[in-house]
$ cat my_file.txt   # compact mmCIF, C-alpha atoms
# COMPACT_ATOMS: atom_id res chain seq x y z
CA MET X 188 -12.44 -38.40 -24.68
CA PHE X 189 -9.51 -39.55 -26.84
CA LEU X 190 -11.61 -39.05 -29.96
CA LEU X 191 -11.70 -35.33 -29.25
CA LEU X 192 -7.93 -34.93 -29.10
CA PRO X 193 -7.41 -34.49 -32.87
CA PHE X 194 -10.17 -31.88 -32.92
CA ASP X 195 -8.63 -30.07 -29.94
CA SER X 196 -5.26 -30.15 -31.64
CA LEU X 197 -6.78 -28.68 -34.81
CA VAL X 198 -8.41 -25.85 -32.83
CA VAL X 199 -5.12 -25.07 -31.07
CA ASN X 200 -3.26 -25.02 -34.38
CA LEU X 201 -5.83 -22.75 -36.00
CA LEU X 202 -5.74 -20.44 -33.00
CA GLY X 203 -1.96 -20.31 -33.12
CA ILE X 204 -1.97 -19.58 -36.85
CA SER X 205 -4.59 -16.82 -36.36
CA ILE X 206 -2.56 -15.16 -33.61
CA THR X 207 0.61 -15.35 -35.72
CA VAL X 208 -1.12 -13.85 -38.75
CA LEU X 209 -2.68 -11.10 -36.62
CA PHE X 210 0.64 -10.20 -35.00
CA THR X 211 2.37 -10.19 -38.40
CA LEU X 212 -0.27 -7.84 -39.82
CA LEU X 213 0.07 -5.56 -36.80
CA LEU X 214 3.84 -5.53 -37.16
CA VAL X 215 3.90 -4.90 -40.91
CA PHE X 216 1.01 -2.47 -41.34
CA ILE X 217 0.91 -0.61 -38.01
CA ILE X 218 3.93 -0.96 -35.72
CA VAL X 219 6.72 -0.67 -38.33
CA PRO X 220 5.07 2.32 -40.13
CA ALA X 221 4.62 3.96 -36.70
CA ILE X 222 8.33 3.52 -35.95
CA PHE X 223 9.32 5.30 -39.17
CA GLY X 224 6.45 7.81 -39.12
CA VAL X 225 4.93 6.69 -42.44
CA SER X 226 1.44 5.63 -43.44
CA PHE X 227 0.08 3.31 -46.11
CA GLY X 228 -3.12 5.35 -46.41
CA ILE X 229 -5.30 2.53 -45.04
CA ARG X 230 -6.94 4.81 -42.47
CA LYS X 231 -7.91 7.38 -45.10
CA VAL X 232 -9.53 4.71 -47.27
CA TYR X 233 -11.32 3.46 -44.17
CA MET X 234 -12.56 6.99 -43.42
CA LYS X 235 -13.84 7.55 -46.98
CA THR X 236 -15.68 4.22 -46.86
CA LEU X 237 -17.30 5.18 -43.57
CA LEU X 238 -18.42 8.53 -44.99
CA LYS X 239 -20.23 6.80 -47.87
CA ILE X 240 -21.95 4.40 -45.47
CA PHE X 241 -22.97 7.28 -43.17
CA GLN X 242 -24.44 9.21 -46.08
CA TRP X 243 -26.51 6.24 -47.23
CA ALA X 244 -27.67 5.41 -43.69
CA THR X 245 -28.56 9.04 -42.95
CA LEU X 246 -30.64 9.40 -46.12
CA ARG X 247 -32.40 6.11 -45.43
CA ILE X 248 -33.17 6.90 -41.80
CA GLU X 249 -34.36 10.44 -42.60
CA ARG X 250 -36.66 9.11 -45.31
CA GLY X 251 -38.07 6.54 -42.89
CA ALA X 252 -38.54 9.16 -40.20
CA LYS X 253 -40.37 11.41 -42.64
CA GLU X 254 -42.70 8.57 -43.62
CA LYS X 255 -43.53 7.89 -39.97
CA ASN X 256 -43.75 11.62 -39.21
CA HIS X 257 -41.59 11.69 -36.10
CA PRO X 258 -38.51 13.82 -35.24
CA LEU X 259 -35.30 11.88 -35.54
CA TYR X 260 -32.68 14.21 -34.08
CA LYS X 261 -32.66 16.62 -31.22
CA PRO X 262 -32.68 20.11 -32.76
CA TYR X 263 -29.23 21.58 -32.32
CA VAL X 264 -28.84 25.33 -32.15
CA ASN X 265 -26.13 27.54 -30.78
CA GLY X 266 -28.66 29.49 -28.75
CA ILE X 267 -32.41 29.46 -28.31
CA ILE X 268 -32.55 33.15 -27.44
CA ALA X 269 -31.53 35.94 -29.78
CA LYS X 270 -29.21 38.19 -27.80
CA ASP X 271 -28.39 41.66 -29.04
CA PRO X 272 -24.87 42.88 -28.24
CA THR X 273 -26.04 45.90 -26.21
CA SER X 274 -24.62 47.30 -22.99
CA LEU X 275 -26.29 47.43 -19.60
CA GLU X 276 -26.65 51.21 -19.88
CA GLU X 277 -28.34 51.08 -23.29
CA GLU X 278 -30.82 48.41 -22.24
CA ILE X 279 -31.83 50.19 -19.03
CA LYS X 280 -32.28 53.40 -21.02
CA GLU X 281 -34.69 51.57 -23.31
CA ILE X 282 -36.60 50.06 -20.35
CA ARG X 283 -36.99 53.46 -18.67
CA ARG X 284 -37.98 55.11 -21.91
CA SER X 285 -40.72 52.57 -22.62
CA GLY X 286 -41.87 52.35 -18.98
CA SER X 287 -41.75 55.37 -16.71
CA GLY X 288 -40.56 57.77 -19.38
CA LYS X 289 -37.70 58.92 -17.17
CA ALA X 290 -34.23 59.33 -18.53
CA LEU X 291 -31.14 57.57 -17.23
CA ASP X 292 -29.91 60.92 -15.92
CA THR X 293 -32.21 60.41 -12.94
CA PRO X 294 -29.83 59.25 -10.18
CA GLU X 295 -32.49 57.43 -8.18
CA PHE X 296 -33.08 53.72 -8.43
CA GLU X 297 -36.04 52.88 -10.64
CA LEU X 298 -38.12 49.78 -9.98
CA SER X 299 -38.26 49.09 -13.70
CA ASP X 300 -34.49 48.58 -13.71
CA ILE X 301 -34.92 45.16 -12.13
CA PHE X 302 -36.56 43.91 -15.33
CA TYR X 303 -33.16 44.03 -17.02
CA PHE X 304 -31.58 41.73 -14.42
CA CYS X 305 -34.64 39.45 -14.36
CA ARG X 306 -34.52 39.03 -18.12
CA LYS X 307 -30.77 38.37 -18.10
CA GLY X 308 -31.20 35.78 -15.37
CA ILE X 309 -33.97 33.96 -17.24
CA GLU X 310 -31.95 34.05 -20.47
CA THR X 311 -29.00 32.48 -18.65
CA ILE X 312 -31.18 29.72 -17.17
CA MET X 313 -32.85 28.96 -20.51
CA ASP X 314 -29.68 29.18 -22.58
CA ASP X 315 -26.74 28.46 -20.27
CA GLU X 316 -23.66 28.94 -22.42
CA VAL X 317 -21.44 27.32 -19.77
CA THR X 318 -23.22 24.11 -18.78
CA LYS X 319 -23.83 23.02 -22.36
CA ARG X 320 -20.07 23.13 -22.99
CA PHE X 321 -19.71 20.10 -20.72
CA SER X 322 -22.05 17.77 -22.60
CA ALA X 323 -21.48 15.92 -25.85
CA GLU X 324 -22.46 17.80 -28.99
CA GLU X 325 -25.52 16.30 -30.72
CA LEU X 326 -24.83 15.39 -34.33
CA GLU X 327 -27.01 16.48 -37.21
CA SER X 328 -26.50 13.12 -38.92
CA TRP X 329 -26.30 9.54 -37.71
CA ASN X 330 -22.95 7.75 -37.71
CA LEU X 331 -24.31 4.30 -36.79
CA LEU X 332 -23.29 4.82 -33.14
CA SER X 333 -26.45 4.51 -31.06
CA ARG X 334 -25.12 6.93 -28.46
CA THR X 335 -25.09 9.78 -30.99
CA ASN X 336 -28.75 9.35 -31.93
CA TYR X 337 -31.37 11.14 -29.84
CA ASN X 338 -34.46 9.16 -30.78
CA PHE X 339 -33.53 6.13 -32.85
CA GLN X 340 -36.45 3.89 -33.76
CA TYR X 341 -36.79 0.90 -36.05
CA ILE X 342 -36.78 2.16 -39.64
CA SER X 343 -35.99 -0.84 -41.84
CA LEU X 344 -34.49 -4.30 -41.68
CA ARG X 345 -31.49 -3.32 -43.82
CA LEU X 346 -30.63 -0.38 -41.60
CA THR X 347 -30.96 -2.43 -38.43
CA VAL X 348 -28.77 -5.19 -39.89
CA LEU X 349 -26.18 -2.56 -40.89
CA TRP X 350 -26.17 -1.14 -37.37
CA GLY X 351 -25.80 -4.65 -35.89
CA LEU X 352 -22.94 -5.40 -38.27
CA GLY X 353 -21.27 -2.19 -37.14
CA VAL X 354 -21.57 -3.27 -33.50
CA LEU X 355 -19.88 -6.59 -34.31
CA ILE X 356 -17.07 -4.89 -36.24
CA ARG X 357 -16.43 -2.30 -33.53
CA TYR X 358 -16.58 -4.58 -30.49
CA CYS X 359 -15.38 -7.90 -31.90
CA PHE X 360 -12.64 -6.70 -34.28
CA LEU X 361 -11.65 -3.07 -33.75
CA LEU X 362 -11.81 -3.04 -29.94
CA PRO X 363 -9.52 -6.09 -29.37
CA LEU X 364 -7.14 -4.81 -32.06
CA ARG X 365 -6.97 -1.36 -30.49
CA ILE X 366 -6.48 -2.74 -26.98
CA ALA X 367 -3.59 -4.86 -28.27
CA LEU X 368 -2.03 -1.81 -29.95
CA ALA X 369 -2.48 0.35 -26.84
CA PHE X 370 -0.87 -2.35 -24.68
CA THR X 371 2.01 -2.60 -27.17
CA GLY X 372 2.54 1.16 -27.25
CA ILE X 373 2.46 1.58 -23.46
CA SER X 374 4.72 -1.44 -22.89
CA LEU X 375 7.28 -0.16 -25.40
CA LEU X 376 7.12 3.32 -23.83
CA VAL X 377 7.84 2.01 -20.33
CA THR X 378 10.53 -0.40 -21.51
CA GLY X 379 12.17 1.98 -23.97
CA THR X 380 12.33 5.01 -21.66
CA THR X 381 13.62 2.86 -18.80
CA VAL X 382 16.47 1.51 -20.94
CA VAL X 383 17.29 4.94 -22.38
CA GLY X 384 17.28 6.36 -18.86
CA TYR X 385 20.39 4.34 -17.98
CA LEU X 386 22.41 5.98 -20.74
CA PRO X 387 24.68 8.94 -19.88
CA ASN X 388 23.34 12.39 -20.71
CA GLY X 389 24.24 13.51 -24.18
CA ARG X 390 23.10 13.71 -27.76
CA CYS X 391 22.75 9.95 -28.10
CA LYS X 392 20.39 9.75 -25.12
CA GLU X 393 18.38 12.73 -26.35
CA PHE X 394 18.12 11.24 -29.86
CA LEU X 395 16.97 7.84 -28.61
CA SER X 396 14.56 9.35 -26.08
CA LYS X 397 12.93 11.49 -28.76
CA HIS X 398 12.39 8.60 -31.15
CA VAL X 399 11.20 6.20 -28.44
CA HIS X 400 8.57 8.75 -27.36
CA LEU X 401 7.49 9.48 -30.94
CA MET X 402 7.31 5.79 -31.86
CA CYS X 403 5.20 4.84 -28.83
CA TYR X 404 2.85 7.81 -29.16
CA ARG X 405 2.30 7.02 -32.84
CA ILE X 406 1.42 3.42 -31.97
CA CYS X 407 -1.07 4.73 -29.37
CA VAL X 408 -2.52 7.08 -32.00
CA ARG X 409 -3.10 4.10 -34.26
CA ALA X 410 -4.74 2.31 -31.35
CA LEU X 411 -7.50 4.91 -31.66
CA THR X 412 -7.52 4.83 -35.48
CA ALA X 413 -6.76 8.52 -35.25
CA ILE X 414 -6.60 10.45 -38.50
CA ILE X 415 -4.79 13.73 -37.79
CA THR X 416 -4.13 16.62 -40.16
CA TYR X 417 -1.34 18.95 -39.03
CA HIS X 418 -1.23 22.51 -40.41
CA HIS X 419 1.66 25.03 -40.44
CA ARG X 420 4.29 22.69 -39.06
CA GLU X 421 6.89 25.43 -39.42
CA ASN X 422 5.35 26.96 -36.26
CA ARG X 423 5.88 23.87 -34.11
CA PRO X 424 7.05 24.67 -30.54
CA ARG X 425 10.77 24.97 -29.92
CA ASN X 426 13.03 24.48 -26.93
CA GLY X 427 12.68 27.03 -24.14
CA GLY X 428 9.03 27.78 -24.95
CA ILE X 429 5.58 26.80 -23.75
CA CYS X 430 3.02 25.06 -25.96
CA VAL X 431 -0.57 25.88 -24.95
CA ALA X 432 -3.64 24.28 -26.51
CA ASN X 433 -7.38 24.00 -25.99
CA HIS X 434 -8.36 20.89 -24.04
CA THR X 435 -11.00 18.37 -25.11
CA SER X 436 -9.66 14.99 -24.09
CA PRO X 437 -6.75 13.26 -22.34
CA ILE X 438 -5.69 12.05 -25.79
CA ASP X 439 -4.81 15.65 -26.69
CA VAL X 440 -1.40 14.76 -25.27
CA ILE X 441 -0.71 11.90 -27.68
CA ILE X 442 -2.26 13.84 -30.58
CA LEU X 443 0.40 16.53 -30.15
CA ALA X 444 3.23 14.32 -28.89
CA SER X 445 2.99 12.05 -31.95
CA ASP X 446 4.18 15.00 -34.06
CA GLY X 447 6.58 16.68 -31.64
CA TYR X 448 8.77 16.17 -28.59
CA TYR X 449 7.49 17.79 -25.39
CA ALA X 450 8.16 17.94 -21.68
CA MET X 451 4.94 17.07 -19.87
CA VAL X 452 3.66 18.88 -16.80
CA GLY X 453 1.37 17.20 -14.32
CA GLN X 454 0.70 15.72 -10.93
CA VAL X 455 2.41 12.57 -9.73
CA HIS X 456 0.06 9.58 -9.90
CA GLY X 457 0.08 6.07 -8.55
CA GLY X 458 -0.71 2.75 -10.20
CA LEU X 459 -0.09 2.24 -13.91
CA MET X 460 0.10 5.98 -14.59
CA GLY X 461 2.76 6.31 -11.89
CA VAL X 462 4.83 3.54 -13.50
CA ILE X 463 4.65 5.33 -16.85
CA GLN X 464 5.59 8.68 -15.30
CA ARG X 465 8.60 7.27 -13.47
CA ALA X 466 9.84 5.57 -16.63
CA MET X 467 9.35 8.66 -18.81
CA VAL X 468 11.16 11.03 -16.46
CA LYS X 469 14.29 8.84 -16.61
CA ALA X 470 14.68 9.53 -20.33
CA CYS X 471 13.26 13.07 -20.56
CA PRO X 472 13.10 16.05 -18.16
CA HIS X 473 9.34 16.05 -17.57
CA VAL X 474 7.97 18.24 -14.76
CA TRP X 475 5.96 16.21 -12.24
CA PHE X 476 4.51 17.73 -9.07
CA GLU X 477 3.49 16.07 -5.83
CA ARG X 478 -0.13 16.57 -4.75
CA SER X 479 0.92 19.04 -2.04
CA GLU X 480 3.08 21.02 -4.47
CA VAL X 481 0.34 21.58 -7.06
CA LYS X 482 -1.48 23.98 -4.73
CA ASP X 483 1.65 26.10 -4.27
CA ARG X 484 1.46 28.51 -7.21
CA HIS X 485 4.85 30.07 -6.47
CA LEU X 486 6.60 26.69 -6.43
CA VAL X 487 4.93 25.67 -9.69
CA ALA X 488 5.88 28.96 -11.34
CA LYS X 489 9.46 28.62 -10.11
CA ARG X 490 9.84 25.08 -11.48
CA LEU X 491 8.37 26.09 -14.85
CA THR X 492 10.54 29.23 -15.05
CA GLU X 493 13.71 27.22 -14.37
CA HIS X 494 12.72 24.79 -17.11
CA VAL X 495 12.04 27.34 -19.86
CA GLN X 496 15.14 29.38 -19.04
CA ASP X 497 17.25 26.40 -20.06
CA ARG X 498 17.19 26.58 -23.86
CA SER X 499 18.41 23.01 -24.13
CA LYS X 500 15.24 21.65 -22.52
CA LEU X 501 12.12 20.69 -24.41
CA PRO X 502 9.07 22.95 -24.77
CA ILE X 503 6.50 22.45 -22.02
CA LEU X 504 3.02 21.23 -23.01
CA ILE X 505 0.23 22.87 -20.99
CA PHE X 506 -3.58 22.99 -21.26
CA PRO X 507 -4.45 26.28 -19.49
CA GLU X 508 -8.23 25.62 -19.34
CA GLY X 509 -7.59 23.07 -16.61
CA THR X 510 -10.51 20.85 -17.65
CA CYS X 511 -11.98 19.24 -20.76
CA ILE X 512 -14.43 21.27 -22.88
CA ASN X 513 -16.65 19.68 -25.55
CA ASN X 514 -14.68 21.12 -28.49
CA THR X 515 -17.27 23.75 -29.35
CA SER X 516 -15.55 26.55 -27.42
CA VAL X 517 -12.49 27.72 -25.52
CA MET X 518 -12.94 28.80 -21.90
CA MET X 519 -10.81 30.92 -19.59
CA PHE X 520 -7.07 30.24 -19.59
CA LYS X 521 -5.42 30.15 -16.17
CA LYS X 522 -2.85 32.92 -16.03
CA GLY X 523 -0.06 30.91 -14.34
CA SER X 524 1.70 29.76 -17.50
CA PHE X 525 1.53 33.28 -18.97
CA GLU X 526 3.31 34.94 -16.02
CA ILE X 527 6.59 33.19 -16.70
CA GLY X 528 7.64 35.44 -19.56
CA ALA X 529 8.52 32.63 -22.00
CA THR X 530 7.58 32.46 -25.66
CA VAL X 531 4.15 30.89 -26.06
CA TYR X 532 3.35 28.59 -28.99
CA PRO X 533 -0.45 28.40 -29.37
CA VAL X 534 -2.02 25.25 -30.85
CA ALA X 535 -5.66 24.81 -31.87
CA ILE X 536 -7.17 21.30 -31.87
CA LYS X 537 -10.53 20.64 -33.51
CA TYR X 538 -12.13 17.16 -33.51
CA ASP X 539 -14.68 15.90 -36.01
CA PRO X 540 -17.40 14.19 -33.90
CA GLN X 541 -18.89 12.46 -36.94
CA PHE X 542 -16.64 9.42 -36.48
CA GLY X 543 -16.41 9.44 -32.70
CA ASP X 544 -16.80 11.95 -29.87
CA ALA X 545 -13.42 12.66 -28.25
CA PHE X 546 -14.84 14.81 -25.44
CA TRP X 547 -14.28 13.42 -21.95
CA ASN X 548 -17.14 14.27 -19.61
CA SER X 549 -15.26 13.45 -16.42
CA SER X 550 -18.35 14.16 -14.30
CA LYS X 551 -20.20 11.35 -16.06
CA TYR X 552 -17.59 8.78 -17.12
CA GLY X 553 -14.51 7.36 -15.45
CA MET X 554 -11.26 7.03 -17.36
CA VAL X 555 -11.71 3.32 -18.14
CA THR X 556 -15.28 3.81 -19.40
CA TYR X 557 -14.19 6.79 -21.47
CA LEU X 558 -11.33 4.88 -23.10
CA LEU X 559 -13.65 1.98 -23.92
CA ARG X 560 -16.07 4.41 -25.57
CA MET X 561 -13.20 5.91 -27.57
CA MET X 562 -11.85 2.54 -28.66
CA SER X 563 -15.31 1.32 -29.66
CA SER X 564 -15.92 4.34 -31.89
CA TRP X 565 -15.25 4.27 -35.61
CA ALA X 566 -12.25 6.58 -35.53
CA ILE X 567 -10.88 9.81 -34.05
CA VAL X 568 -10.52 12.51 -36.70
CA CYS X 569 -9.06 15.91 -35.89
CA SER X 570 -7.13 18.88 -37.25
CA VAL X 571 -4.21 20.57 -35.49
CA TRP X 572 -3.06 24.10 -36.29
CA TYR X 573 0.32 25.40 -35.10
CA LEU X 574 -0.03 29.16 -34.69
CA PRO X 575 2.87 31.66 -34.87
CA PRO X 576 4.69 32.14 -31.53
CA MET X 577 3.43 34.92 -29.27
CA THR X 578 5.18 36.93 -26.56
CA ARG X 579 3.83 39.12 -23.81
CA GLN X 580 3.74 42.80 -24.72
CA PRO X 581 5.16 45.43 -22.31
CA GLU X 582 1.72 46.93 -21.64
CA GLU X 583 0.03 43.57 -21.09
CA ASP X 584 -0.54 41.75 -17.83
CA ALA X 585 -0.73 37.96 -17.63
CA VAL X 586 -4.54 37.89 -17.90
CA GLN X 587 -4.59 40.05 -21.03
CA PHE X 588 -1.85 37.96 -22.62
CA ALA X 589 -3.76 34.75 -21.82
CA ASN X 590 -6.94 36.18 -23.35
CA ARG X 591 -5.08 37.21 -26.50
CA VAL X 592 -3.65 33.72 -26.94
CA LYS X 593 -7.04 32.17 -26.22
CA SER X 594 -8.74 34.36 -28.83
CA ALA X 595 -6.18 33.35 -31.44
CA ILE X 596 -6.77 29.64 -30.74
CA ALA X 597 -10.55 30.04 -30.82
CA ARG X 598 -10.43 31.99 -34.08
CA GLN X 599 -8.21 29.44 -35.82
CA GLY X 600 -10.13 26.40 -34.58
CA GLY X 601 -13.58 27.85 -35.28
CA LEU X 602 -14.44 27.71 -31.57
CA VAL X 603 -16.52 30.05 -29.42
CA ASP X 604 -14.36 32.32 -27.25
CA LEU X 605 -15.81 32.37 -23.71
CA LEU X 606 -14.61 34.28 -20.66
CA TRP X 607 -16.07 31.78 -18.17
CA ASP X 608 -13.83 29.66 -15.96
CA GLY X 609 -13.92 25.95 -16.79
CA GLY X 610 -13.93 25.33 -13.03
CA LEU X 611 -17.68 26.07 -13.12
CA LYS X 612 -17.99 22.46 -14.28
CA ARG X 613 -17.79 21.47 -10.60
CA GLU X 614 -18.00 24.74 -8.65
CA LYS X 615 -20.55 27.48 -8.13
CA VAL X 616 -20.24 30.93 -9.67
CA LYS X 617 -17.93 33.09 -7.59
CA ASP X 618 -19.34 36.09 -5.77
CA THR X 619 -16.97 38.33 -7.72
CA PHE X 620 -19.10 37.83 -10.86
CA LYS X 621 -22.17 39.07 -8.99
CA GLU X 622 -20.26 41.95 -7.48
CA GLU X 623 -18.99 42.95 -10.92
CA GLN X 624 -22.57 43.44 -12.17
CA GLN X 625 -23.49 45.35 -8.99
CA LYS X 626 -20.49 47.65 -9.37
CA LEU X 627 -21.27 48.24 -13.02
CA TYR X 628 -24.86 49.23 -12.24
CA SER X 629 -23.83 51.43 -9.30
CA LYS X 630 -21.11 53.12 -11.31
CA MET X 631 -23.59 53.82 -14.10
CA ILE X 632 -26.02 55.62 -11.77
CA VAL X 633 -23.46 57.36 -9.53
CA GLY X 634 -21.33 58.33 -12.51
CA ASN X 635 -24.28 59.98 -14.28
CA HIS X 636 -25.20 61.78 -11.08
CA GLU X 637 -21.67 63.12 -10.65
CA ASP X 638 -21.48 64.25 -14.26
CA ARG X 639 -24.75 66.12 -13.88
CA SER X 640 -23.56 67.79 -10.64
CA ARG X 641 -20.42 69.07 -12.36
CA SER X 642 -22.44 70.53 -15.19

$ encode --input "my_file.txt" --output "structure tokens"
Amino acid sequence: MFLLLPFDSLVVNLLGISITVLFTLLLVFIIVPAIFGVSFGIRKVYMKTLLKIFQWATLRIERGAKEKNHPLYKPYVNGIIAKDPTSLEEEIKEIRRSGSGKALDTPEFELSDIFYFCRKGIETIMDDEVTKRFSAEELESWNLLSRTNYNFQYISLRLTVLWGLGVLIRYCFLLPLRIALAFTGISLLVTGTTVVGYLPNGRCKEFLSKHVHLMCYRICVRALTAIITYHHRENRPRNGGICVANHTSPIDVIILASDGYYAMVGQVHGGLMGVIQRAMVKACPHVWFERSEVKDRHLVAKRLTEHVQDRSKLPILIFPEGTCINNTSVMMFKKGSFEIGATVYPVAIKYDPQFGDAFWNSSKYGMVTYLLRMMSSWAIVCSVWYLPPMTRQPEEDAVQFANRVKSAIARQGGLVDLLWDGGLKREKVKDTFKEEQQKLYSKMIVGNHEDRSRS
């Protein structure tokens, strides 16, 4: 037993030296640059190296798949059915013309009309443009993450060894490093905001609060090895306004907050999230709602209105979709934040799934599982565009204003602009959608009948 003591002492010393070296590297190359908002360019070199490896692996795996004559990737298309942009009236005219030969002027219901609705229903079932927005986008190339490959099979020893090496790097080096950075960032956020919260209100408190938030969010960004490109920073949100953005992931918050200073809006939570919320609100006027208050639209609108009317308060950060979409489209914006009358600062966020999929499928993964998947990916790469501020026009209602902002975000981010409510992720289609089609069809027939009667 005593013979093992020198060996044990050596192991302890080596472990201590390793921890010291690791902490020093974290402090010098990650934490200190995050505090001052600078970068040594290590992440960009890392990204370029990954791209070269992906290209080689993709070419090798495609060549092997071709030799074995089997499909490697799930075919990805935006739609399996070609849909012509024609109206209900035009299509029913065509059906009647090719079927019974009767014109649409005939006010009676024609049995052939049901073929239009049958075809539309089958098209929707076969190519559901809503449901597929809540599943991860299949990549056209392999990034050495097994979860992004549809039908991976053994191709060659070198490729398998490369994939195994990637697993070791991601789970044995990157994951512990990122967890340590995330813990550091969150700990500093709670500690820093709590200390700043005891200071009297004034410029000093506001200055320290801003830099504590920015520093901690930047450390958390580095915990994900996030490589972010910000465009048009002159359009960044200002005090007294509302920043609205498309929503893909919970990390959207730190992606934006690492480049700006925002007041957050959300529901009061318990546990670790509750501790963070209570610490943050001491240093910054965030807007937190109790569970019972969230359902009261008038109370929410009142609190938000009072906040934006005070020009000294920070811009509010809101994600009007209300749920996470897979970064291929933008779905319906809730009108609440557009009824206030404040200046809206639209922001478009577009992730590159080649290095890691940022989409959070909350129906499939819990928060802990999702964060582990994120931290075990290669990196999170995204682009952020700050769009010019927009205000509600006199002739616009809140819904029209929301749709105009949504269209601008979709256009800038290269996303599909959809009118569907993101709530369909968990709910059934409302009866109002069915009634809208019924009213449109009835109005078409009755309207033609009335026009003919007048003539």

$ closest_residue --input "my_file.txt" --among "X:Val474, X:Leu344, X:Leu627, X:Val455" --to "Ile248 (chain X)" --atoms "all atoms listed in the file"
X:Leu344

$ residues_around --input "my_file.txt" --residues "Tyr557 (chain X)" --least-positions-apart "4" --cutoff "12 Å" --atoms "all atoms listed in the file" --output "PyMOL selection string"
chain X and resi 436-438+543-553+561-564

$ write_last_selection --input "my_file.txt" --atoms "C-alpha atoms" --output "PDB file, keeping the file's coordinate frame"
ATOM      1  CA  SER X 436      -9.660  14.990 -24.090  1.00  0.00           C
ATOM      2  CA  PRO X 437      -6.750  13.260 -22.340  1.00  0.00           C
ATOM      3  CA  ILE X 438      -5.690  12.050 -25.790  1.00  0.00           C
ATOM      4  CA  GLY X 543     -16.410   9.440 -32.700  1.00  0.00           C
ATOM      5  CA  ASP X 544     -16.800  11.950 -29.870  1.00  0.00           C
ATOM      6  CA  ALA X 545     -13.420  12.660 -28.250  1.00  0.00           C
ATOM      7  CA  PHE X 546     -14.840  14.810 -25.440  1.00  0.00           C
ATOM      8  CA  TRP X 547     -14.280  13.420 -21.950  1.00  0.00           C
ATOM      9  CA  ASN X 548     -17.140  14.270 -19.610  1.00  0.00           C
ATOM     10  CA  SER X 549     -15.260  13.450 -16.420  1.00  0.00           C
ATOM     11  CA  SER X 550     -18.350  14.160 -14.300  1.00  0.00           C
ATOM     12  CA  LYS X 551     -20.200  11.350 -16.060  1.00  0.00           C
ATOM     13  CA  TYR X 552     -17.590   8.780 -17.120  1.00  0.00           C
ATOM     14  CA  GLY X 553     -14.510   7.360 -15.450  1.00  0.00           C
ATOM     15  CA  MET X 561     -13.200   5.910 -27.570  1.00  0.00           C
ATOM     16  CA  MET X 562     -11.850   2.540 -28.660  1.00  0.00           C
ATOM     17  CA  SER X 563     -15.310   1.320 -29.660  1.00  0.00           C
ATOM     18  CA  SER X 564     -15.920   4.340 -31.890  1.00  0.00           C
TER      19      SER X 564
END

$ closest_residue --input "my_file.txt" --among "X:Gln242, X:Cys403, X:Tyr358, X:Phe370" --to "Pro220 (chain X)" --atoms "all atoms listed in the file"
X:Cys403

$ residues_around --input "my_file.txt" --residues "Tyr417 (chain X)" --least-positions-apart "5" --cutoff "9 Å" --atoms "all atoms listed in the file" --output "list in words"
Asp446, Cys569, Ser570, Val571, Trp572 and Tyr573 of chain X

$ atom_distance --input "my_file.txt" --atom1 "CA of Leu443 (chain X)" --atom2 "CA of Ile503 (chain X)"
11.8 Å

$ residues_around --input "my_file.txt" --residues "Asp439 (chain X)" --least-positions-apart "6" --cutoff "9 Å" --atoms "only C-alpha atoms" --output "number ranges by chain"
X: 432-433, 536

$ residues_around --input "my_file.txt" --residues "Lys522 (chain X)" --least-positions-apart "6" --cutoff "8 Å" --atoms "all atoms listed in the file" --output "list in words"
Pro507, Ala585, Val586 and Ala589 of chain X

$ residues_around --input "my_file.txt" --residues "Gln599 (chain X)" --least-positions-apart "3" --cutoff "12 Å" --atoms "only C-alpha atoms" --output "ChimeraX atom specification"
/X:418-419,432-433,516-517,533-537,570-575,592-596,602-604
